[in-house]
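Written below as structure tokens is the structure these notes are about.
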Amino acid sequence: MQDYIIEMLHITKDFPGIRANDDITLQLRRGEIHALLGENGAGKSTLMSILFGLYQADRGEIHKDGKPVQVRNPNDANALGIGMVHQHFKLVHNFTVLENIVLGVETTEHGVLKMDQARERVMELSQRYGLSIDPDAHIEDITVGMQQRVEILKMLYRDNQILIFDEPTAVLTPQEIDELMGIMRGLAAEGKSILFITHKLAEIKAVADRVTVLRKGAYVGTVQVADTSVEEMAEMMVGRKINFELDKQEVNPGKAALSVRDLSVAGRHNKKAVDGVSFDVHQGEIVCIAGIDGNGQSELVYALTGLMPLQSGQVLMNGEDITQYSIRRRNDLGMGHIPEDRHKYGLVLDYDLQQNLALKDYHKPEMQQHGFIRFDRVRAHAEDLISRFDIRSAQGPDTVSRSMSGGNQQKAIIAREIDIKPEVLIAVQPTRGLDVGATMYIHEQLIKERDSGKAVLLISLELDEVFQLADRILVIFEGRIVAEFAGKEATAQELGLYMAGSRKENA
Amino acid sequence: MNKVRKSLSSASASLLAIVAGLLAGFVILLISNPQNALRGLGTILIGGWNNGMKGVGQVLYFATPIIMTGLSVGFAFKTGMFNIGASGQLMVGGFVSVYVGVTWTFLPGALHWMVALLMGMLAGMVWGMIVGIFKALLNVHEVISSIMLNYIGMYGVNYLVKNSHLFDALRNQTVNVANNAVIPKAGLDNIFYMLKGRFHDASSVNAGILIAIGFAVLIYILLGRTTFGYELKACGFNRHASRYAGISENRAIITSMAIAGGLAGVAGALMYLAPASGMHIHVAEVLAAQGFNGIAVALLGMSNPIGIIFTGLFIAHITVGGSYLQSLKYMKEIIDVIIGLIIYFSAFSLLVRDIMRRVARRGKEKDAAAPEPVKEEVER
């Protein structure tokens, strides 16, 4: 009999039209780091939400220390000692670190807060686990890495024994990731049991004892990490052998298609979100802007595409100054834009697929006559793109876009943006939230655009993606380009230093 | 196929709202006078038919302005805006058309009423456009500015009527418009009348109903077939994505509010260019109810222009039915209560529609295009 602290046995959960979890069993040993691996949509988040009491399982049981328990809401989970660091931190931004940690479990005497006791305990925990924090700093002023440490301290302060980390490394630099791994090992050594949700194999290899793999809502298996190679884990996750190598010809850049000159964009608190950025993207090359989320990438793209006004500077396309051009005029000049947030910007979710595929073309003579939309053309255009880009949906051109899967929504956007034959294609995190298959496909499409002589500007938070695609890498930190590398030259460690702002170079 | 099913499920939600509203109304009838309650409900349901073809004509007559205001509100809804200012736009449009109808007697024949109608529409457009401009350029929420413009319109019209040659001080209302400025009957009075001996007791119906239906068809085409409608709807659904696609959001907001205002202006023109039916602009400190009934009509009709024709007819139908309730010793205001209840339930009907859709989806197996499950759950 193994010493399991938490067991989820034969969990099944249905959502309308989809079985998110199908007979999944997950057994967490006391003091181990247990990774939960699966692609997006494999059912990891659902399973963890069931454990955390956010959803109820339709079938199956949860056992704590071998005895069945009910987890009806997060309070139940808390009482059982289950804590979770969510992917998007749940912190009150204008509260201090200390206030956030004690929020909800404040020690009071006659209704008066006793912060001193709390502070003592927090500092003690912070030292014991090597979680350095500044208890009096406001959340909005501290780094993402420290925010994460605050989240971890919140769990420890509540005496949680089972710690769930939901994709904790997505927002961190390579250095911060190493640090987090160390913290996790320390926690496990102190007897905490850790569930680590991720789709990054290297991290599992680095830190986890065992791994449970899910695929499309089903249980694939649980294996010892030490006995399993990265390739084997990848195969378990995807269900087939995958080739991570992309066919990529030598870079052969032409003239500058997109030139940015001393561009600044206003940000919050009188700071500049983008501060004097200059670079060129040439025909036939992929330039990648690497950086940690929130360092001005979004604002830079909004300024380039006309969605946000710029403070100063110039944007040129093929030598033409487009700084003052409207969005429509930029689009028509050949600026393709795969936006960061496909639901907010990329699609009108309540329009059907054919209308979305026409979003940038509907006003062109091919699609309209005297102001009347030529629906036959719109449909033909959609059918063409659907077959060329393999966009899958329930009712073809008539499918309401909202009902499509994330990967196919993204394919639709990419099809549309590539179809307008852009001179410059700006792709912002084009593979976010997509599975390996869709990711590979989108990478191939971007390389195809590059090989056909288009200029591609890629903004990515994933270093793997950066290394796979980029011919040139620009690192952005606090709105400035702090380094430039040729694609082959850079290492993750080196990039990480620049991304974290601990090294600067004038690029 | 998909579209048909979708509109059917919307319609059934509206029907549900109507049934629920009527049932609640029945309870009120029961409370206020139990003996006549069943007959009262029957009277409401029979509506215009209580009074033969004349009653039907009355229904058409009452339906005319609320179809127009319904179109106004519904059109703004489609572009993502809530036009609560139809009442003011109606008053301003009505006043200008009465002014033209009384004053511009140099216009020959049928041209007179047409120009009066057109000017009323333009005036409504200006009134609606102010709201759009405020929203687009100064980011003033349309509900705030259009409510304020309702009062400015109402008091402004009162002021102008009182201080002009349009004022009939004896009746405290506007004088009759010139004969040429009256909306023609178009032969409808020969269909919708009641025979009293050898005397034709005609209803108040006029060509206005045909004009209203014409506008509904026009709006239907505008929204469904044109690039302009595509842009407006895109802005209504997702203004970020519209901007991304290069659509000018400000232009969409201003034009759509102008059109909404114009439609309400036509409502006013059609109401007041028919003095024979007793409709005049009264100098009273009351906002025109037709503007608010338009909200109900638009909600029940799911903002679909063709649906709005039917819901406008229905609301007029039970309004006329309600007026006959007095013969059963009920207050005629009871019908306003019932209409109010139906509005409430139709607001709920959006919710009902969501639930029905979910139940329908649970019933059948989904294909590859399943939505992300997490989203579904959040609403629970």
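Each chain in the structure tokens gets a letter, A, B, ..., in the order shown, and its residues are numbered from 1; ligands are numbered from 1 in order too.
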
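The neighbours of Phe62 of chain B here are the residues that come within 10 Å of it, using only C-alpha atoms and leaving out any residue fewer than 5 positions away in the same chain; they are Val56, Gly57, Ile67, Ser204, Val205, Ile209, Met271, Gln290, Gly312, Leu313, Ile315, Ala316, His317, Thr319 and Val320 of chain B.
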
Output C-alpha atoms of each residue in that selection to a file, as an mmCIF file, in the first residue's frame.
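So the final result, stored in result.cif, reads:
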```
data_model
loop_
_atom_site.group_PDB
_atom_site.id
_atom_site.type_symbol
_atom_site.label_atom_id
_atom_site.label_comp_id
_atom_site.auth_asym_id
_atom_site.auth_seq_id
_atom_site.Cartn_x
_atom_site.Cartn_y
_atom_site.Cartn_z
ATOM 1 C CA VAL B 56 -58.091 45.490 -36.905
ATOM 2 C CA GLY B 57 -57.603 48.849 -38.545
ATOM 3 C CA ILE B 67 -42.987 49.510 -35.291
ATOM 4 C CA SER B 204 -57.890 55.485 -38.199
ATOM 5 C CA VAL B 205 -55.526 53.357 -40.260
ATOM 6 C CA ILE B 209 -48.480 51.173 -41.716
ATOM 7 C CA MET B 271 -48.295 59.896 -35.735
ATOM 8 C CA GLN B 290 -44.329 55.129 -28.087
ATOM 9 C CA GLY B 312 -45.271 45.783 -33.052
ATOM 10 C CA LEU B 313 -48.554 44.412 -34.358
ATOM 11 C CA ILE B 315 -48.293 44.949 -28.788
ATOM 12 C CA ALA B 316 -50.804 47.135 -30.647
ATOM 13 C CA HIS B 317 -53.209 44.194 -30.726
ATOM 14 C CA THR B 319 -53.235 47.485 -26.409
ATOM 15 C CA VAL B 320 -56.427 47.789 -28.425
#
```

Which residues are close to Val27 of chain B, i.e. within 12 Å by only C-alpha atoms, leaving aside same-chain residues fewer than 2 positions away? Reply as an mmCIF file with C-alpha atoms, in the first residue's frame.
```cif
data_model
loop_
_atom_site.group_PDB
_atom_site.id
_atom_site.type_symbol
_atom_site.label_atom_id
_atom_site.label_comp_id
_atom_site.auth_asym_id
_atom_site.auth_seq_id
_atom_site.Cartn_x
_atom_site.Cartn_y
_atom_site.Cartn_z
ATOM 1 C CA ALA B 20 -45.560 34.350 -19.100
ATOM 2 C CA GLY B 21 -46.503 38.026 -19.248
ATOM 3 C CA LEU B 22 -50.102 37.223 -20.106
ATOM 4 C CA LEU B 23 -50.341 34.679 -17.306
ATOM 5 C CA ALA B 24 -49.027 37.193 -14.817
ATOM 6 C CA GLY B 25 -51.495 39.709 -16.224
ATOM 7 C CA LEU B 29 -57.115 40.500 -13.503
ATOM 8 C CA LEU B 30 -58.052 37.804 -11.005
ATOM 9 C CA ILE B 31 -57.071 39.963 -8.085
ATOM 10 C CA SER B 32 -58.855 43.097 -9.211
ATOM 11 C CA ASN B 33 -62.079 41.472 -10.405
ATOM 12 C CA PRO B 34 -62.256 37.665 -10.232
ATOM 13 C CA ASN B 36 -64.572 38.783 -15.227
ATOM 14 C CA ALA B 37 -60.964 37.648 -15.257
ATOM 15 C CA LEU B 38 -61.347 34.922 -17.855
ATOM 16 C CA GLY B 40 -60.922 39.887 -19.573
ATOM 17 C CA LEU B 41 -58.058 37.712 -20.717
ATOM 18 C CA ILE B 334 -54.161 47.171 -16.634
ATOM 19 C CA VAL B 337 -49.181 46.675 -16.594
ATOM 20 C CA ILE B 338 -49.377 43.538 -18.724
ATOM 21 C CA LEU B 341 -44.714 42.459 -17.537
#
```

*asked:* So that I can check the surroundings of Asp136 of chain A, please list as an MDAnalysis selection string every protein, DNA and RNA residue that reaches within 6 Å of it, counting only C-alpha atoms and ignoring chain neighbours fewer than 2 positions away.
replied: chainID A and resid 96:97 134

Write a file of the just-selected residues containing N, CA and C atoms, as an mmCIF file, in the first residue's frame.
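Saved the output as out-v3.cif:
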```cif
data_model
loop_
_atom_site.group_PDB
_atom_site.id
_atom_site.type_symbol
_atom_site.label_atom_id
_atom_site.label_comp_id
_atom_site.auth_asym_id
_atom_site.auth_seq_id
_atom_site.Cartn_x
_atom_site.Cartn_y
_atom_site.Cartn_z
ATOM 1 N N THR A 96 -0.610 45.495 -0.178
ATOM 2 C CA THR A 96 0.789 45.097 -0.038
ATOM 3 C C THR A 96 0.883 43.574 -0.095
ATOM 4 N N VAL A 97 2.129 43.125 -0.199
ATOM 5 C CA VAL A 97 2.404 41.692 -0.222
ATOM 6 C C VAL A 97 1.823 41.025 1.016
ATOM 7 N N ASP A 134 9.283 41.311 -0.342
ATOM 8 C CA ASP A 134 9.249 42.541 0.427
ATOM 9 C C ASP A 134 7.826 42.701 0.934
#
```

*asked:* If DSSP is run on the backbone, what residues of segment 98-284 of chain B are strand (DSSP E)? A reply as a ChimeraX atom specification would be ideal.
replied: /B:167-168,173-174,193-196,199-202

Keeping only C-alpha atoms, write those residues as a PDB file, in the first residue's frame.
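Output contents, as saved in part34.pdb:
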```
ATOM      1  CA  PHE B 167     -50.644  76.457 -31.182  1.00  0.00           C
ATOM      2  CA  ASP B 168     -54.334  75.895 -30.712  1.00  0.00           C
ATOM      3  CA  GLN B 173     -52.331  71.300 -28.762  1.00  0.00           C
ATOM      4  CA  THR B 174     -51.147  71.878 -32.306  1.00  0.00           C
ATOM      5  CA  TYR B 193     -64.244  49.776 -41.291  1.00  0.00           C
ATOM      6  CA  MET B 194     -67.379  48.795 -39.481  1.00  0.00           C
ATOM      7  CA  LEU B 195     -70.801  49.096 -40.985  1.00  0.00           C
ATOM      8  CA  LYS B 196     -73.193  51.102 -38.884  1.00  0.00           C
ATOM      9  CA  PHE B 199     -72.600  54.401 -42.667  1.00  0.00           C
ATOM     10  CA  HIS B 200     -68.949  53.335 -42.964  1.00  0.00           C
ATOM     11  CA  ASP B 201     -67.363  53.783 -39.540  1.00  0.00           C
ATOM     12  CA  ALA B 202     -63.755  53.749 -40.751  1.00  0.00           C
TER      13      ALA B 202
END
```

_Distance cut-off 8 Å, counting only C-alpha atoms - which residues of chain A neighbour chain B? Return them as a PyMOL selection string._
chain A and resi 15-18+20+41+46+55+307+326-329+331+344-351+359-360+362-363+368+371-373+392-394+398+402-406

*Which residues in segment 139-284 of chain B does DSSP call alpha helix (DSSP H)? List them as a PyMOL selection string.*
chain B and resi 142-162+208-225+227-237+239-244+249-272

*Would you kindly return, as a VMD selection string, each protein, DNA or RNA residue with an atom no farther than 8 Å from any atom of segment 192-209 of chain A, considering only C-alpha atoms and excluding same-chain residues fewer than 4 positions away?*
chain A and resid 5 28 to 40 44 161 to 168 181 184 to 185 187 to 188 224 to 226 230 233 to 234

Can those selected residues be exported to a file as an mmCIF file, in the first residue's frame so that it contains C-alpha atoms?
```cif
data_model
loop_
_atom_site.group_PDB
_atom_site.id
_atom_site.type_symbol
_atom_site.label_atom_id
_atom_site.label_comp_id
_atom_site.auth_asym_id
_atom_site.auth_seq_id
_atom_site.Cartn_x
_atom_site.Cartn_y
_atom_site.Cartn_z
ATOM 1 C CA ILE A 5 -2.067 11.894 0.215
ATOM 2 C CA LEU A 28 -0.275 11.920 -5.490
ATOM 3 C CA ARG A 29 2.299 10.534 -3.049
ATOM 4 C CA ARG A 30 3.246 12.389 0.067
ATOM 5 C CA GLY A 31 6.279 14.567 -0.547
ATOM 6 C CA GLU A 32 6.573 14.040 -4.272
ATOM 7 C CA ILE A 33 6.516 16.428 -7.187
ATOM 8 C CA HIS A 34 4.008 15.005 -9.579
ATOM 9 C CA ALA A 35 3.699 16.524 -13.021
ATOM 10 C CA LEU A 36 0.463 16.580 -14.931
ATOM 11 C CA LEU A 37 1.290 16.678 -18.606
ATOM 12 C CA GLY A 38 -0.967 17.249 -21.564
ATOM 13 C CA GLU A 39 -1.594 19.572 -24.447
ATOM 14 C CA ASN A 40 -3.996 22.440 -24.193
ATOM 15 C CA LYS A 44 -5.577 19.163 -17.099
ATOM 16 C CA GLN A 161 -0.036 20.368 2.298
ATOM 17 C CA ILE A 162 -0.979 19.829 -1.316
ATOM 18 C CA LEU A 163 0.227 22.551 -3.637
ATOM 19 C CA ILE A 164 -1.045 22.825 -7.187
ATOM 20 C CA PHE A 165 1.028 24.868 -9.630
ATOM 21 C CA ASP A 166 -0.879 25.661 -12.824
ATOM 22 C CA GLU A 167 1.604 26.358 -15.622
ATOM 23 C CA PRO A 168 3.805 28.358 -13.273
ATOM 24 C CA MET A 181 12.396 24.692 -9.565
ATOM 25 C CA MET A 184 9.626 23.400 -5.521
ATOM 26 C CA ARG A 185 12.326 20.902 -4.577
ATOM 27 C CA LEU A 187 8.943 22.398 -0.590
ATOM 28 C CA ALA A 188 8.858 18.721 -1.472
ATOM 29 C CA GLN A 224 8.600 7.566 -13.401
ATOM 30 C CA VAL A 225 10.278 10.628 -14.843
ATOM 31 C CA ALA A 226 13.750 9.237 -14.278
ATOM 32 C CA VAL A 230 11.645 13.424 -23.189
ATOM 33 C CA MET A 233 6.837 11.684 -22.819
ATOM 34 C CA ALA A 234 6.182 13.756 -25.935
#
```

*In Å to one decimal, how far is atom CA of Gly261 of chain B from atom CA of Asn304 of chain B?*
17.3 Å

_Nearby residues (only C-alpha atoms) at most 12 Å from Asp23 of chain A, same-chain spacing under 2 positions excluded, as a ChimeraX atom specification_ = /A:8-14,19-21,25-26,43,47,57-61,214-221

*asked:* Please determine, counting only C-alpha atoms, which residue among A:Ile286, A:Val171, A:Leu385, A:Ile24 has the shortest atom-to-atom distance to Glu462 of chain A.
replied: A:Val171
